Amino acid sequence: MSERAQKLLDYADDELILGWRDSEWTGIAPSLEEDVAFSSIAQNEIGHARALYELAARELDTDADALAFDRSPDEYRCAPLVQQRRMDWAHTIARHWLYECADEIRLAALKESDDEELAGLAAKMDREETYHRLHAQMWADRLRGNERFEEAVRELWPYALAVLDEPLRPRLAERTGLSDVSGFQPQTQRGTVTDDLRRLWEEMTMVRRSVAGATW
Amino acid sequence: MIFEVFRQEKKGAAFAHAGSVEAPNAEFAKAFAHEQYGRRQESVALWVVPRDAICEVHEFYDELGKTYHRVDGYSLKAKLKEARERAGTEAS
């Protein structure tokens with residue numbers, strides 16, 4: 001697989017699985033308004049995943065659905081940060097905020113890419129992500145100083161670092177004002193497939209596997 | 001806190017009441033309104049206003065039945081018909 005296709009899959013898997021995890025809040029968010037907002041954000045992320053899978057699919061001569069649902073769990077490339085099953089609201093916001101901060105840095109780098117197709121898609125995604133960032137920042141500001149939230153941020157920080165390629169990590173430390181990149185831990189590394197992801201995969205691909213090869 | 005949301009469907013159009021959102025402050029209200037009334041490209045702009053900031057006016061008396069103040073208070077249709085008959089012309 002080309003480096004480009006691999007990069008696209010890394011990113012698409014992050015967005016698909018985070019979208020899936022965020023959608024676990026649909027119907028049970030702390031308020032109705034937040035329910036609608038967070039579900040909408042979750043849907044956007046899955047939309048971004050689709051666009052990224054489509055680019056990868058053209059190169060790999062397959063389609064977006066096959067990439068999203070027909071691979072084995074071990075082939076998924078998402079960062080362990082997004083794999084973790086639904087947590088309490090403090091952790092969810094900590095993950096949301098850390099991920100959006102990291103994603104902002106990743107998107108900014110992609111927008112500068114020589115690959116016009118990829119740079120163009122990054123610019124489109126960034127317009128939606130702007131609102132995700134506002135939402136994440138607004139919640140992070142509101143929960144700042146709350147012990148549960150601060151603890152969640154500390155716990156997830158090494159996972160957030162692993163969302164980015166190594167050269168970009170210092171920017172995340174700068175953006176979030178958190179400790180330097182020495183917080184990085186190998187078990188948080190992209191390519192690690194956790195039990196949470198395996199369980200999610202079972203559920204996520206259940207319908208599609210039930211009638212393999214069907215046209216829906 | 002309740003915020004009323006007004007949305008503009010296209011540039012230059014009048015803002016119309018869309019609904020309301022409940023939020024702890026204006027910042028959250030804007031974010032919630034953005035997702036509830038804008039995520040399907042149905043709006044180009046929103047006004048998000050604390051409900052308390054809206055001044056309501058309810059009483060409109062018309063004790064003396066001054067219907068001539070109203071657009072529909074003075075029917076021209078019948079009068080036009082009469083005039084046409086007098087002039088011997090048909091409505092075109």
# chains A, B, ... in the order shown; residues from 1 in each chain; ligands from 1
$ interface_residues --of "chain A" --to "chain B" --cutoff "12 Å" --atoms "only C-alpha atoms" --output "PDB file with C-alpha atoms, in the first residue's frame"
ATOM      1  CA  PRO A  30     -26.576  15.819  29.404  1.00  0.00           C
ATOM      2  CA  SER A  31     -29.187  17.994  27.678  1.00  0.00           C
ATOM      3  CA  LEU A  32     -31.352  17.753  24.583  1.00  0.00           C
ATOM      4  CA  GLU A  33     -29.531  20.613  22.889  1.00  0.00           C
ATOM      5  CA  GLU A  34     -26.198  18.946  23.551  1.00  0.00           C
ATOM      6  CA  ASP A  35     -27.619  15.681  22.279  1.00  0.00           C
ATOM      7  CA  VAL A  36     -28.457  17.270  18.925  1.00  0.00           C
ATOM      8  CA  ALA A  37     -25.144  19.143  18.730  1.00  0.00           C
ATOM      9  CA  PHE A  38     -22.940  16.197  19.654  1.00  0.00           C
ATOM     10  CA  SER A  39     -24.827  13.795  17.391  1.00  0.00           C
ATOM     11  CA  SER A  40     -24.455  16.258  14.547  1.00  0.00           C
ATOM     12  CA  ILE A  41     -20.718  16.465  15.180  1.00  0.00           C
ATOM     13  CA  ALA A  42     -20.538  12.669  15.244  1.00  0.00           C
ATOM     14  CA  GLN A  43     -22.269  12.554  11.870  1.00  0.00           C
ATOM     15  CA  ASN A  44     -19.864  15.113  10.430  1.00  0.00           C
ATOM     16  CA  GLU A 128     -16.808  21.984   9.391  1.00  0.00           C
ATOM     17  CA  THR A 130     -14.045  24.942  12.847  1.00  0.00           C
ATOM     18  CA  TYR A 131     -17.388  24.400  14.558  1.00  0.00           C
ATOM     19  CA  HIS A 132     -16.255  21.219  16.225  1.00  0.00           C
ATOM     20  CA  ARG A 133     -13.318  23.139  17.653  1.00  0.00           C
ATOM     21  CA  LEU A 134     -15.576  25.933  18.901  1.00  0.00           C
ATOM     22  CA  HIS A 135     -17.817  23.375  20.552  1.00  0.00           C
ATOM     23  CA  ALA A 136     -14.888  21.514  22.105  1.00  0.00           C
ATOM     24  CA  GLN A 137     -13.198  24.677  23.322  1.00  0.00           C
ATOM     25  CA  MET A 138     -16.427  26.022  24.796  1.00  0.00           C
ATOM     26  CA  TRP A 139     -16.909  22.838  26.818  1.00  0.00           C
ATOM     27  CA  ALA A 140     -13.244  22.640  27.816  1.00  0.00           C
ATOM     28  CA  ASP A 141     -13.429  26.220  29.117  1.00  0.00           C
ATOM     29  CA  ARG A 142     -16.576  25.390  31.038  1.00  0.00           C
TER      30      ARG A 142
END
$ residues_around --residues "stretch 4-6 of chain B" --least-positions-apart "4" --cutoff "7 Å" --atoms "only C-alpha atoms" --output "list in words"
Phe15, Ala16, His17, Ala18, Gly19, Ser20, Val21, Ala33, Leu46, Trp47, Val48, Val49, Pro50 and Arg51 of chain B
$ select_by_dssp --residues "chain B" --states "strand (DSSP E or B)" --output "JSON, numbers by chain"
{"B": [2, 3, 4, 5, 6, 7, 8, 16, 17, 18, 19, 20, 21, 22, 45, 46, 47, 48, 49, 50]}
$ atom_distance --atom1 "atom CA of A:Ala94" --atom2 "atom CA of A:Ala160"
9.8 Å
$ residues_around --residues "A:Thr205" --least-positions-apart "2" --cutoff "10 Å" --atoms "only C-alpha atoms" --output "PyMOL selection string"
chain A and resi 68-72+200-203+207-210
$ write_last_selection --atoms "all heavy atoms" --output "JSON list (two decimals), in the first residue's frame"
[["chain", "number", "residue", "atom", "x", "y", "z"],
["A", 68, "ALA", "N", -14.44, 0.77, 5.07],
["A", 68, "ALA", "CA", -14.96, 1.07, 6.41],
["A", 68, "ALA", "C", -15.38, -0.19, 7.15],
["A", 68, "ALA", "O", -15.17, -0.28, 8.37],
["A", 68, "ALA", "CB", -16.15, 2.03, 6.29],
["A", 69, "PHE", "N", -15.97, -1.16, 6.44],
["A", 69, "PHE", "CA", -16.62, -2.27, 7.14],
["A", 69, "PHE", "C", -16.08, -3.67, 6.84],
["A", 69, "PHE", "O", -16.38, -4.61, 7.57],
["A", 69, "PHE", "CB", -18.12, -2.26, 6.84],
["A", 69, "PHE", "CG", -18.82, -1.00, 7.27],
["A", 69, "PHE", "CD1", -19.55, -0.24, 6.37],
["A", 69, "PHE", "CD2", -18.76, -0.57, 8.60],
["A", 69, "PHE", "CE1", -20.19, 0.92, 6.77],
["A", 69, "PHE", "CE2", -19.40, 0.59, 9.00],
["A", 69, "PHE", "CZ", -20.11, 1.34, 8.09],
["A", 70, "ASP", "N", -15.35, -3.83, 5.75],
["A", 70, "ASP", "CA", -14.98, -5.19, 5.37],
["A", 70, "ASP", "C", -13.55, -5.60, 5.76],
["A", 70, "ASP", "O", -13.12, -6.69, 5.44],
["A", 70, "ASP", "CB", -15.16, -5.40, 3.85],
["A", 70, "ASP", "CG", -16.62, -5.30, 3.45],
["A", 70, "ASP", "OD1", -17.49, -5.34, 4.35],
["A", 70, "ASP", "OD2", -16.90, -5.17, 2.25],
["A", 71, "ARG", "N", -12.85, -4.73, 6.46],
["A", 71, "ARG", "CA", -11.52, -5.12, 6.90],
["A", 71, "ARG", "C", -11.62, -5.83, 8.25],
["A", 71, "ARG", "O", -12.61, -5.66, 8.97],
["A", 71, "ARG", "CB", -10.61, -3.88, 7.02],
["A", 71, "ARG", "CG", -10.21, -3.31, 5.65],
["A", 71, "ARG", "CD", -9.35, -2.07, 5.81],
["A", 71, "ARG", "NE", -10.08, -1.01, 6.47],
["A", 71, "ARG", "CZ", -9.51, -0.03, 7.17],
["A", 71, "ARG", "NH1", -8.20, 0.01, 7.32],
["A", 71, "ARG", "NH2", -10.25, 0.90, 7.72],
["A", 72, "SER", "N", -10.59, -6.59, 8.58],
["A", 72, "SER", "CA", -10.61, -7.24, 9.90],
["A", 72, "SER", "C", -10.18, -6.21, 10.94],
["A", 72, "SER", "O", -9.52, -5.22, 10.60],
["A", 72, "SER", "CB", -9.65, -8.43, 9.90],
["A", 72, "SER", "OG", -8.33, -7.96, 10.05],
["A", 200, "LEU", "N", -16.25, -2.98, 19.37],
["A", 200, "LEU", "CA", -16.95, -2.01, 18.51],
["A", 200, "LEU", "C", -17.10, -2.57, 17.10],
["A", 200, "LEU", "O", -18.15, -2.45, 16.48],
["A", 200, "LEU", "CB", -16.15, -0.71, 18.49],
["A", 200, "LEU", "CG", -16.69, 0.48, 17.69],
["A", 200, "LEU", "CD1", -16.16, 1.78, 18.27],
["A", 200, "LEU", "CD2", -16.31, 0.42, 16.23],
["A", 201, "TRP", "N", -16.04, -3.19, 16.61],
["A", 201, "TRP", "CA", -16.05, -3.76, 15.25],
["A", 201, "TRP", "C", -17.15, -4.80, 15.10],
["A", 201, "TRP", "O", -17.86, -4.84, 14.10],
["A", 201, "TRP", "CB", -14.68, -4.37, 14.95],
["A", 201, "TRP", "CG", -14.55, -4.92, 13.57],
["A", 201, "TRP", "CD1", -14.15, -4.25, 12.44],
["A", 201, "TRP", "CD2", -14.83, -6.27, 13.14],
["A", 201, "TRP", "NE1", -14.16, -5.09, 11.35],
["A", 201, "TRP", "CE2", -14.58, -6.34, 11.75],
["A", 201, "TRP", "CE3", -15.26, -7.41, 13.80],
["A", 201, "TRP", "CZ2", -14.74, -7.50, 11.01],
["A", 201, "TRP", "CZ3", -15.43, -8.58, 13.07],
["A", 201, "TRP", "CH2", -15.17, -8.62, 11.68],
["A", 202, "GLU", "N", -17.29, -5.67, 16.12],
["A", 202, "GLU", "CA", -18.33, -6.70, 16.09],
["A", 202, "GLU", "C", -19.69, -6.06, 15.83],
["A", 202, "GLU", "O", -20.48, -6.54, 15.02],
["A", 202, "GLU", "CB", -18.40, -7.43, 17.45],
["A", 202, "GLU", "CG", -17.24, -8.38, 17.73],
["A", 202, "GLU", "CD", -17.22, -9.60, 16.82],
["A", 202, "GLU", "OE1", -18.32, -10.04, 16.41],
["A", 202, "GLU", "OE2", -16.11, -10.09, 16.53],
["A", 203, "GLU", "N", -19.94, -4.98, 16.56],
["A", 203, "GLU", "CA", -21.24, -4.32, 16.47],
["A", 203, "GLU", "C", -21.37, -3.53, 15.17],
["A", 203, "GLU", "O", -22.39, -3.58, 14.49],
["A", 203, "GLU", "CB", -21.39, -3.40, 17.69],
["A", 203, "GLU", "CG", -22.82, -3.15, 18.08],
["A", 203, "GLU", "CD", -22.91, -2.32, 19.35],
["A", 203, "GLU", "OE1", -22.01, -2.40, 20.21],
["A", 203, "GLU", "OE2", -23.90, -1.58, 19.47],
["A", 207, "VAL", "N", -24.38, -5.93, 10.80],
["A", 207, "VAL", "CA", -25.43, -5.99, 9.77],
["A", 207, "VAL", "C", -24.80, -6.33, 8.42],
["A", 207, "VAL", "O", -25.29, -7.18, 7.69],
["A", 207, "VAL", "CB", -26.18, -4.65, 9.70],
["A", 207, "VAL", "CG1", -27.15, -4.63, 8.53],
["A", 207, "VAL", "CG2", -26.92, -4.40, 11.02],
["A", 208, "ARG", "N", -23.70, -5.69, 8.13],
["A", 208, "ARG", "CA", -23.05, -5.91, 6.84],
["A", 208, "ARG", "C", -22.56, -7.36, 6.71],
["A", 208, "ARG", "O", -22.69, -7.98, 5.66],
["A", 208, "ARG", "CB", -21.89, -4.94, 6.68],
["A", 208, "ARG", "CG", -21.42, -4.83, 5.26],
["A", 208, "ARG", "CD", -20.60, -3.59, 5.05],
["A", 208, "ARG", "NE", -19.77, -3.75, 3.87],
["A", 208, "ARG", "CZ", -20.08, -3.26, 2.68],
["A", 208, "ARG", "NH1", -21.20, -2.58, 2.52],
["A", 208, "ARG", "NH2", -19.29, -3.43, 1.66],
["A", 209, "ARG", "N", -22.04, -7.91, 7.80],
["A", 209, "ARG", "CA", -21.55, -9.29, 7.75],
["A", 209, "ARG", "C", -22.70, -10.29, 7.68],
["A", 209, "ARG", "O", -22.52, -11.43, 7.25],
["A", 209, "ARG", "CB", -20.68, -9.59, 8.98],
["A", 209, "ARG", "CG", -19.25, -9.04, 8.85],
["A", 209, "ARG", "CD", -18.39, -9.40, 10.04],
["A", 209, "ARG", "NE", -18.80, -8.72, 11.27],
["A", 209, "ARG", "CZ", -19.18, -9.33, 12.38],
["A", 209, "ARG", "NH1", -19.19, -10.64, 12.45],
["A", 209, "ARG", "NH2", -19.54, -8.63, 13.45],
["A", 210, "SER", "N", -23.89, -9.87, 8.15],
["A", 210, "SER", "CA", -25.01, -10.81, 8.22],
["A", 210, "SER", "C", -25.43, -11.30, 6.82],
["A", 210, "SER", "O", -25.96, -12.39, 6.68],
["A", 210, "SER", "CB", -26.21, -10.16, 8.93],
["A", 210, "SER", "OG", -26.74, -9.12, 8.14]]
$ residues_around --residues "B:Glu9" --least-positions-apart "3" --cutoff "7 Å" --atoms "only C-alpha atoms" --output "VMD selection string"
chain B and resid 13 42 to 44
$ atom_distance --atom1 "atom CA of A:Leu16" --atom2 "atom CA of A:Cys78"
8.7 Å
$ atom_distance --atom1 "atom CA of A:Gly191" --atom2 "atom CA of A:Glu155"
19.6 Å
$ closest_residue --among "B:Arg84, B:Lys77, B:Thr89, B:Gln8" --to "B:Gly38" --atoms "only C-alpha atoms"
B:Gln8
